[in-house]
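The next block holds one structure in the form of structure tokens; read it before the comments.
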Amino acid sequence: MSVADVSAGVTRPSLDLAETLQLVADTIVESLGFEVAVINLVDEQDATSLVVAAVSGPDEVRELLLGRRQGNDGWAKLIAASEPWGKLRFLDHATAPSDPSDILTWIPDMPVSDEPDAWHPEDALFAPLQSADGRHLGMLSVDVPRDGRRPGPATRHALEAFAVTAALAIEHATLATESRRGVQRFTAVFESSPVAIAILSADRTIERVNDAYCRFLRRDRSELLGHSPMEFTHPDDRSLSESSSTLARTALPGPREPTDAVEKRYLLPDGSVVWGRLQLAPLNQVHDPGVLVAQVVDVTERKRSEDRLVRQAHYDALTSLPNRGESMVRLRRALADDIDAGSMTAVFFCDLDRLKLVNDGHGHAVGDAYIREVSKRISASVRDGDGVGRLSGDEFVVVLSGIGTPTEAIGMAGRIIDSVRQPLRIGAASFTPSLSIGIAYSAGPGTTADELLAQADAAMYRAKNEERGAWQVYDPSMSGSAVAKLELRHDVEAALREEQFVLHYQPIVRLADRSVTGYEALLRWQHPTRGLLLPGQFLDVILDSEYEAPVTDWVLRQATWDAARLDGQHRMSVNISSLQVGRRDLPQVVQEALSRAGLEPARLVLELTEDRLLSRPDGPALLARLRDLGVSLAIDDFGTGYAGLGYLQRFPTLDVIKLDRSFVSGLGREPVSEHIVRSVVELALGCGLQLVTEGVETEQQAADLLTLGVRYAQGYLFGRPVPVEEVCQPDVSVSC
Ligand code: C2E
Ligand code: MG
Ligand code: MG
């Protein structure tokens with residue numbers, strides 16, 4: 001039986017240990033004059049049993065004993081019955097508890113003597129083998145001294161020395177195995193850990209990495225070993241790197257204590273970025289000074305969803321610009337910085353003109369693309385560091401900080417307006433976007449961000465009212481009307497619900513006999529706190545809001561309903577905003593209003609304001625669709641807007657020209673007014689259009705117009721706009 005076989009089934013001894021123990025046993029037999037020496041080891045797996053690990057003696061004894069397993073009980077009994085002989089135990093045959101025939105079976109020719117010093121087969125001499133900390137490791141036993149005598153002190157000392165040698169050998173082997181196992185376990189844990197781990201040498205290069213680390217950085221081991229993690233770190237995060245001085249300083253807060261974790265970006269071979277949560281700990285400051293264990297947990301997904309949440313909370317999804325909340329935060333910061341620096345902050349409240357027209361006419365996908373493009377144009381026009389944000393659908397804000405003089409900001413507003421105004425094609429549609437900008441400046445430490453934005457908003461309203469696509473600087477006189485309008489925005493919904501809108505009707509007369517030929521429906525708002533409001537006080541608020549369509553639809557329904565119930569065959573003129581003309585379903589709305597009211601289409605006149613809407617390429621087609629319903633179309637406020645005579649050519653569908661009242665009021669004062677009226681009369685005649693003059697207030701004006709050939713007129717002279725009850729009694733009123 002080989003030594004290797006001996007150790008089979010015993011987990012503790014290694015080959016070296018078995019050899020060492022055999023050497024000890026052989027030496028005892030050869031040098032101390034014993035026939036047999038046996039070394040048993042406590043089985044590591046089962047501490048209650050001992051296994052014979054080394055035997056020296058006759059072959060048959062070796063064969064019989066080597067590898068034999070026996071319970072500890074027998075030994076416990078032996079120890080209990082034996083007497084200490086120094087470090088040895090001696091069991092005198094006279095007190096031996098075991099059956100002597102047991103022992104005599106395997107030592108058959110042992111001479112038995114009754115002399116006190118003679119060795120008796122039932123005697124036993126053994127040494128319990130103990131570790132330095134007193135653990136029971138095994139047993140060394142000897143038997144059958146060749147001189148037949150119990151061993152003297154010299155032999156006993158030598159035996160004790162052999163017992164210590166055997167115990168040391170066992171302990172050493174145990175420790176070596178444990179340490180080897182520890183290394184194996186560490187390696188297994190290291191390699192299979194889902195956490196990316198790298199061991200960094202004192203010079204902060206990578207000495208060892210696990211699979212997870214390779215996977216995390218999408219690189220082979222060979223690409224990592226010997227390199228610094230700095231090489232794989234995002235440049236902006238290198239101060240947080242494993243190699244950085246910051247971490248190096250904090251890397252060794254105490255023995256085995258890890259650093260606080262930092263989250264940083266690593267670069268992958270394709271240039272993309274992953275986020276890792278890095279924690280460093282010294283490996284062993286005594287044996288491996290400066291060596292660090294870097295553990296990196298992949299937090300990319302969490303970071304991305306955090307980023308998404310932050311973006312959703314602070315940025316507008318469509319344009320990626322800061323949203324209202326974030327813009328206000330930035331404005332407050334800019335204000336504070338500018339106060340410190342002694343400079344000014346300028347706020348631009350930018351409102352995209354006629355966005356509704358784009359949305360209604362071309363659908364929301366085109367509307368979105370339109371907004372995105374405008375936002376890009378605004379962002380491209382400002383300086384680096386100026387903040388652009390989106391406040392709501394068609395509202396943007398620009399914050400300019402560090403402004404020295406107001407003219408700087410004004411120049412910038414002009415540039416933004418010009419760059420936005422460039423032609424824009426989206427699919428088949430083409431546009432010329434325009435932006436109205438209100439400008440407000442900070443006036444020292446007292447100005448708050450909210451006030452500044454409200455002032456810019458008020459200035460924007462003025463800009464919009466006066467000329468679209470322009471800028472206005474805030475002055476305190478704006479606040480009253482503009483702020484009042486801002487507040488009105490919130491009241492529109494209630495106004496519709498609670499039927500606060502009313503129509504007043506103003507007659508249109510034949511000048512020759514003052515007979516009424518028709519009425520114009522004019523919108524009024526019976527506001528619960530502000531009283532009766534005229535269109536100039538609220539109409540632009542509605543036209544720029546989502547209530548524009550509901551209000552216009554209501555006006556059409558109410559006016560056609562009232563018209564059908566007025567005496568006679570008067571025509572009813574209804575004002576349609578230019579935005580409404582672009583609405584795809586307008587013909588349908590008109591048709592429904594007519595059918596519901598039971599009004600003949602020929603009795604309805606739609607008054608369209610001449611403005612830039614009419615310059616849209618599909619303008620003639622839109623008007624033709626309305627005209628196909630059988631209604632008449634009038635151009636309102638003729639001569640004031642952008643319309644030139646070319647309009648009449650482009651819009652052969654028109655039936656009526658309403659000459660703006662400014663020409664009438666100029667009669668008798670400005671000779672040019674008379675010329676204009678005369679030419680328009682001729683023009684109307686030539687084109688087969690009916691001409692109505694607006695704003696006739698005096699008999700003189702009426703007489704002059706008649707002389708100039710005007711046949712129809714409208715004005716306070718003939719009647720002010722009045723509620724329908726004062727025109728005649730309608731049957732029923734239409735509700736919203
Ligand atoms: P418009 O269509 O040109 O209407 C005529 C305006 O001139 C009315 O003002 C009317 O009250 C006023 N007016 C009539 N005769 C005289 C006069 O002799 N002297 C003076 N100084 N003014 C006179 P109002 O009602 O304030 O309406 C202003 C504008 O609001 C209208 O101008 C029209 O463009 C718009 N509007 C009115 N109602 C509606 C509506 O239901 N829908 C739309 N989209 N616009 C409307
Ligand atoms: Mg009108
Ligand atoms: Mg008019």
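Convention: chains lettered A, B, ... in structure tokens order; per-chain residue numbering from 1; ligands numbered from 1 as shown.
Residues of region 112-255 of chain A that DSSP places in strand (DSSP E or B), based on the backbone of this structure, are Ala118, Ala124, Leu125, Phe126, Ala127, Pro128, Leu129, Gln130, His136, Leu137, Gly138, Met139, Leu140, Ser141, Val142, Asp143, Val144, Pro145, Arg149, Ala196, Ile197, Ala198, Ile199, Leu200, Ile206, Glu207, Arg208, Val209 and Thr233 of chain A.
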Please write out the residues within 12 Å of ligand 3 as JSON, numbers by chain, counting only C-alpha atoms and all ligand atoms. {"A": [506, 508, 520, 521, 522, 573, 574, 575, 576, 577, 606, 607, 608, 609, 610, 634, 635, 636, 637, 638, 639, 640, 641, 656, 657, 658, 659, 660, 661, 662, 663, 664, 692, 693, 694, 695, 696, 713, 714, 715]}
Go through A:Trp525, A:Ser632, A:Val516, A:Pro229 one by one, measure the shortest atom-to-atom distance of each to Arg204 (chain A) using only C-alpha atoms, and give the residue with the smallest value.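 Among the listed residues, A:Pro229 lies closest to Arg204 (chain A).
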Do a neighbour search on region 548-553 of chain A at 8 Å with only C-alpha atoms, toss out local chain neighbours closer than 5 positions, and write the hits as number ranges by chain. A: 496, 542-543, 576, 580, 589
Nearest residue to ligand 1 out of A:Tyr474, A:Tyr712, A:Phe538, A:Trp561, using only C-alpha atoms and all ligand atoms?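 Selected residue with least distance to ligand 1: A:Phe538.
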As a PyMOL selection string, please: the residues near Trp471 (chain A) (cut-off 9 Å, only C-alpha atoms, same-chain neighbours under 2 positions excluded). chain A and resi 350+410+413-414+417+435-439+459-460+462-464+467-469+473
A:Val38, A:Met328, A:Leu534, A:Leu23: which is nearest ligand 1, counting only C-alpha atoms and all ligand atoms?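 Among the listed residues, the smallest separation from ligand 1 belongs to A:Leu534.
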One decimal, Å: what's the distance from CA of Leu705 (chain A) over to atom 11 (O, counted along the ligand's line) of ligand 1, could you say?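 For CA of Leu705 (chain A) relative to atom 11 (O, counted along the ligand's line) of ligand 1, the distance reads 19.6 Å.
Residue nearest ligand 2 within the list A:Ala369, A:Leu280, A:Ala173, A:Leu523: A:Leu523 [criterion: smallest interatomic distance, only C-alpha atoms and all ligand atoms].
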Could you check the closest approach to Thr529 (chain A) for each of A:Phe396, A:Ala495, A:Gly148, A:Gly598 and tell me which residue wins, using only C-alpha atoms?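 Of all the options, A:Ala495 lies closest to Thr529 (chain A).
Close contacts of Thr707 (chain A), defined as residues with an atom at most 12 Å away when counting only C-alpha atoms, with chain neighbours fewer than 6 positions off set aside, comprise Leu511, Ala512, Leu667, Glu674, Val677, Arg678, Val681, Gln700 and Gln701 of chain A.
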I need the chosen residues saved as an mmCIF file, in the first residue's frame, with all heavy atoms.
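File produced: result_22.cif:
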```
data_model
loop_
_atom_site.group_PDB
_atom_site.id
_atom_site.type_symbol
_atom_site.label_atom_id
_atom_site.label_comp_id
_atom_site.auth_asym_id
_atom_site.auth_seq_id
_atom_site.Cartn_x
_atom_site.Cartn_y
_atom_site.Cartn_z
ATOM 1 N N LEU A 511 -76.810 103.826 -48.839
ATOM 2 C CA LEU A 511 -76.638 105.251 -48.549
ATOM 3 C C LEU A 511 -77.775 106.099 -49.112
ATOM 4 O O LEU A 511 -78.229 107.055 -48.469
ATOM 5 C CB LEU A 511 -75.308 105.737 -49.135
ATOM 6 C CG LEU A 511 -74.099 105.738 -48.211
ATOM 7 C CD1 LEU A 511 -72.867 106.237 -48.971
ATOM 8 C CD2 LEU A 511 -74.342 106.638 -47.002
ATOM 9 N N ALA A 512 -78.253 105.697 -50.285
ATOM 10 C CA ALA A 512 -79.247 106.523 -50.971
ATOM 11 C C ALA A 512 -80.508 106.691 -50.146
ATOM 12 O O ALA A 512 -81.029 107.808 -50.003
ATOM 13 C CB ALA A 512 -79.580 105.895 -52.327
ATOM 14 N N LEU A 667 -61.954 112.017 -44.795
ATOM 15 C CA LEU A 667 -62.669 112.799 -45.813
ATOM 16 C C LEU A 667 -62.868 114.231 -45.340
ATOM 17 O O LEU A 667 -63.199 114.476 -44.180
ATOM 18 C CB LEU A 667 -64.046 112.184 -46.098
ATOM 19 C CG LEU A 667 -64.077 110.915 -46.958
ATOM 20 C CD1 LEU A 667 -65.500 110.411 -47.087
ATOM 21 C CD2 LEU A 667 -63.463 111.178 -48.327
ATOM 22 N N GLU A 674 -59.942 111.232 -50.148
ATOM 23 C CA GLU A 674 -60.959 111.353 -51.189
ATOM 24 C C GLU A 674 -60.518 110.606 -52.443
ATOM 25 O O GLU A 674 -61.301 109.875 -53.054
ATOM 26 C CB GLU A 674 -61.169 112.834 -51.490
ATOM 27 C CG GLU A 674 -62.496 113.130 -52.137
ATOM 28 C CD GLU A 674 -62.661 114.638 -52.382
ATOM 29 O OE1 GLU A 674 -62.527 115.415 -51.412
ATOM 30 O OE2 GLU A 674 -62.901 115.006 -53.553
ATOM 31 N N VAL A 677 -60.800 106.857 -51.840
ATOM 32 C CA VAL A 677 -62.189 106.384 -51.880
ATOM 33 C C VAL A 677 -62.647 106.321 -53.342
ATOM 34 O O VAL A 677 -63.228 105.322 -53.777
ATOM 35 C CB VAL A 677 -63.112 107.298 -51.052
ATOM 36 C CG1 VAL A 677 -64.581 106.889 -51.237
ATOM 37 C CG2 VAL A 677 -62.729 107.250 -49.581
ATOM 38 N N ARG A 678 -62.338 107.381 -54.088
ATOM 39 C CA ARG A 678 -62.776 107.404 -55.483
ATOM 40 C C ARG A 678 -62.191 106.218 -56.255
ATOM 41 O O ARG A 678 -62.887 105.531 -56.993
ATOM 42 C CB ARG A 678 -62.328 108.726 -56.143
ATOM 43 C CG ARG A 678 -63.159 109.096 -57.366
ATOM 44 C CD ARG A 678 -62.540 110.278 -58.110
ATOM 45 N NE ARG A 678 -62.340 111.452 -57.280
ATOM 46 C CZ ARG A 678 -63.281 112.378 -57.033
ATOM 47 N NH1 ARG A 678 -64.473 112.249 -57.539
ATOM 48 N NH2 ARG A 678 -63.010 113.423 -56.276
ATOM 49 N N VAL A 681 -63.805 102.973 -55.276
ATOM 50 C CA VAL A 681 -65.153 102.873 -55.863
ATOM 51 C C VAL A 681 -65.027 102.354 -57.298
ATOM 52 O O VAL A 681 -65.729 101.419 -57.707
ATOM 53 C CB VAL A 681 -65.874 104.247 -55.854
ATOM 54 C CG1 VAL A 681 -67.151 104.206 -56.715
ATOM 55 C CG2 VAL A 681 -66.208 104.658 -54.436
ATOM 56 N N GLN A 700 -72.131 114.713 -43.055
ATOM 57 C CA GLN A 700 -71.229 115.220 -44.081
ATOM 58 C C GLN A 700 -70.497 114.065 -44.774
ATOM 59 O O GLN A 700 -70.404 114.011 -45.999
ATOM 60 C CB GLN A 700 -70.204 116.177 -43.433
ATOM 61 C CG GLN A 700 -69.277 116.852 -44.405
ATOM 62 C CD GLN A 700 -70.034 117.699 -45.421
ATOM 63 O OE1 GLN A 700 -70.863 118.568 -45.064
ATOM 64 N NE2 GLN A 700 -69.809 117.446 -46.722
ATOM 65 N N GLN A 701 -70.013 113.144 -43.924
ATOM 66 C CA GLN A 701 -69.302 111.981 -44.492
ATOM 67 C C GLN A 701 -70.242 111.196 -45.405
ATOM 68 O O GLN A 701 -69.867 110.776 -46.501
ATOM 69 C CB GLN A 701 -68.789 111.065 -43.367
ATOM 70 C CG GLN A 701 -67.620 111.655 -42.595
ATOM 71 C CD GLN A 701 -67.320 110.889 -41.304
ATOM 72 O OE1 GLN A 701 -68.158 110.109 -40.841
ATOM 73 N NE2 GLN A 701 -66.160 111.145 -40.742
#
```
Looking at A:Leu355, A:Ile197, A:Leu331, A:Leu654, which one is nearest to Leu452 (chain A), with distances taken over only C-alpha atoms?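 Under the stated criterion, the closest residue is A:Leu331.
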Set the distance at 12 Å and use only C-alpha atoms: which residues neighbour Gly446 (chain A) once local chain neighbours fewer than 4 positions away are removed? I'd like the list as a count of residues only. 8
What gap, in Å, lies between CA of Leu267 (chain A) and CA of Asp203 (chain A)?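 Going from CA of Leu267 (chain A) over to CA of Asp203 (chain A) covers 21.3 Å.
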Excluding Arg415 (chain A) and any residue of its chain fewer than 5 positions from it, enumerate the residues within 12 Å of it, using only C-alpha atoms, and give them as a compact mmCIF listing (two decimals) with all heavy atoms, in the first residue's frame.
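Output contents, as saved in out.txt:
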```txt
# COMPACT_ATOMS: atom_id res chain seq x y z
N ARG A 377 -33.62 77.67 -34.39
CA ARG A 377 -33.21 78.97 -34.92
C ARG A 377 -32.98 79.96 -33.78
O ARG A 377 -32.03 80.74 -33.82
CB ARG A 377 -34.29 79.51 -35.87
CG ARG A 377 -34.36 78.70 -37.15
CD ARG A 377 -35.43 79.23 -38.09
NE ARG A 377 -35.45 78.44 -39.31
CZ ARG A 377 -36.20 78.74 -40.37
NH1 ARG A 377 -36.98 79.80 -40.34
NH2 ARG A 377 -36.16 77.98 -41.44
N ILE A 378 -33.85 79.91 -32.77
CA ILE A 378 -33.64 80.83 -31.64
C ILE A 378 -32.32 80.50 -30.95
O ILE A 378 -31.49 81.37 -30.71
CB ILE A 378 -34.80 80.74 -30.62
CG1 ILE A 378 -36.12 81.12 -31.27
CG2 ILE A 378 -34.53 81.63 -29.41
CD1 ILE A 378 -37.34 80.91 -30.37
N SER A 379 -32.13 79.20 -30.69
CA SER A 379 -30.90 78.80 -29.97
C SER A 379 -29.65 79.17 -30.75
O SER A 379 -28.64 79.55 -30.16
CB SER A 379 -30.90 77.29 -29.71
OG SER A 379 -32.03 76.93 -28.97
N ALA A 380 -29.74 79.05 -32.08
CA ALA A 380 -28.56 79.34 -32.88
C ALA A 380 -28.26 80.84 -32.93
O ALA A 380 -27.14 81.24 -33.22
CB ALA A 380 -28.77 78.81 -34.30
N SER A 381 -29.27 81.69 -32.63
CA SER A 381 -29.04 83.13 -32.74
C SER A 381 -28.46 83.74 -31.48
O SER A 381 -27.97 84.86 -31.51
CB SER A 381 -30.34 83.89 -33.02
OG SER A 381 -31.16 83.18 -33.85
N VAL A 382 -28.57 83.02 -30.35
CA VAL A 382 -28.11 83.65 -29.10
C VAL A 382 -26.63 83.32 -28.86
O VAL A 382 -26.06 82.46 -29.53
CB VAL A 382 -28.96 83.19 -27.88
CG1 VAL A 382 -30.41 83.55 -28.11
CG2 VAL A 382 -28.80 81.71 -27.63
N ARG A 383 -26.07 84.03 -27.89
CA ARG A 383 -24.65 83.78 -27.58
C ARG A 383 -24.53 82.53 -26.72
O ARG A 383 -25.50 82.14 -26.06
CB ARG A 383 -24.08 84.96 -26.75
CG ARG A 383 -24.29 86.31 -27.37
CD ARG A 383 -24.01 87.40 -26.34
NE ARG A 383 -24.80 87.22 -25.13
CZ ARG A 383 -24.78 88.04 -24.09
NH1 ARG A 383 -24.00 89.08 -24.10
NH2 ARG A 383 -25.53 87.81 -23.02
N GLU A 408 -27.75 96.34 -26.55
CA GLU A 408 -27.20 94.99 -26.82
C GLU A 408 -28.32 93.99 -26.97
O GLU A 408 -28.34 93.16 -27.87
CB GLU A 408 -26.34 94.52 -25.64
CG GLU A 408 -24.95 95.07 -25.60
CD GLU A 408 -24.23 94.57 -24.34
OE1 GLU A 408 -24.30 93.36 -24.05
OE2 GLU A 408 -23.63 95.40 -23.65
N ALA A 409 -29.27 94.07 -26.03
CA ALA A 409 -30.37 93.10 -26.03
C ALA A 409 -31.27 93.32 -27.23
O ALA A 409 -31.73 92.36 -27.87
CB ALA A 409 -31.17 93.22 -24.74
N ILE A 410 -31.49 94.57 -27.58
CA ILE A 410 -32.37 94.86 -28.70
C ILE A 410 -31.78 94.29 -29.99
O ILE A 410 -32.48 93.70 -30.81
CB ILE A 410 -32.62 96.39 -28.80
CG1 ILE A 410 -33.53 96.78 -27.63
CG2 ILE A 410 -33.25 96.76 -30.13
CD1 ILE A 410 -33.69 98.26 -27.44
N VAL A 420 -35.52 83.61 -37.31
CA VAL A 420 -36.74 82.78 -37.29
C VAL A 420 -37.54 83.01 -38.56
O VAL A 420 -38.18 82.09 -39.07
CB VAL A 420 -37.57 83.11 -36.02
CG1 VAL A 420 -38.97 82.52 -36.12
CG2 VAL A 420 -36.87 82.57 -34.77
N ARG A 421 -37.46 84.22 -39.11
CA ARG A 421 -38.31 84.58 -40.25
C ARG A 421 -37.85 83.96 -41.58
O ARG A 421 -38.46 84.15 -42.62
CB ARG A 421 -38.37 86.10 -40.38
CG ARG A 421 -39.74 86.54 -40.83
CD ARG A 421 -39.86 87.98 -41.23
NE ARG A 421 -38.95 88.91 -40.62
CZ ARG A 421 -39.33 89.90 -39.82
NH1 ARG A 421 -40.59 90.04 -39.49
NH2 ARG A 421 -38.45 90.74 -39.34
N GLN A 422 -36.77 83.23 -41.58
CA GLN A 422 -36.32 82.60 -42.83
C GLN A 422 -37.35 81.58 -43.30
O GLN A 422 -37.98 80.92 -42.48
CB GLN A 422 -34.98 81.88 -42.62
CG GLN A 422 -33.84 82.78 -42.20
CD GLN A 422 -33.71 83.97 -43.13
OE1 GLN A 422 -33.63 83.82 -44.34
NE2 GLN A 422 -33.75 85.18 -42.56
N LEU A 435 -41.99 85.67 -35.13
CA LEU A 435 -41.89 85.63 -33.68
C LEU A 435 -42.09 87.05 -33.16
O LEU A 435 -41.54 88.00 -33.71
CB LEU A 435 -40.47 85.16 -33.34
CG LEU A 435 -40.17 84.60 -31.97
CD1 LEU A 435 -40.93 83.28 -31.79
CD2 LEU A 435 -38.67 84.33 -31.84
N ILE A 437 -41.49 89.43 -29.86
CA ILE A 437 -40.65 89.36 -28.65
C ILE A 437 -40.95 90.55 -27.73
O ILE A 437 -40.98 91.70 -28.18
CB ILE A 437 -39.15 89.36 -29.01
CG1 ILE A 437 -38.81 88.12 -29.85
CG2 ILE A 437 -38.28 89.40 -27.76
CD1 ILE A 437 -37.33 87.99 -30.19
N GLY A 469 -44.34 89.78 -35.47
CA GLY A 469 -42.98 89.58 -35.95
C GLY A 469 -42.10 90.76 -35.58
O GLY A 469 -41.28 91.21 -36.37
N ALA A 470 -42.33 91.36 -34.40
CA ALA A 470 -41.51 92.50 -34.00
C ALA A 470 -41.21 92.40 -32.51
O ALA A 470 -41.71 91.50 -31.84
CB ALA A 470 -42.25 93.80 -34.27
N TRP A 471 -40.41 93.34 -32.00
CA TRP A 471 -40.11 93.32 -30.57
C TRP A 471 -40.61 94.61 -29.92
O TRP A 471 -40.81 95.61 -30.60
CB TRP A 471 -38.62 93.14 -30.33
CG TRP A 471 -37.74 94.10 -31.08
CD1 TRP A 471 -37.13 93.88 -32.27
CD2 TRP A 471 -37.44 95.45 -30.70
NE1 TRP A 471 -36.45 94.99 -32.67
CE2 TRP A 471 -36.61 95.98 -31.72
CE3 TRP A 471 -37.77 96.24 -29.62
CZ2 TRP A 471 -36.13 97.27 -31.67
CZ3 TRP A 471 -37.29 97.54 -29.57
CH2 TRP A 471 -36.47 98.04 -30.59
```
Could you please write out, as a ChimeraX atom specification, every residue of region 139-364 of chain A that DSSP assigns to alpha helix (DSSP H)? /A:153-192,211-217,221-224,245-250,300-314,324-341,355-362,364
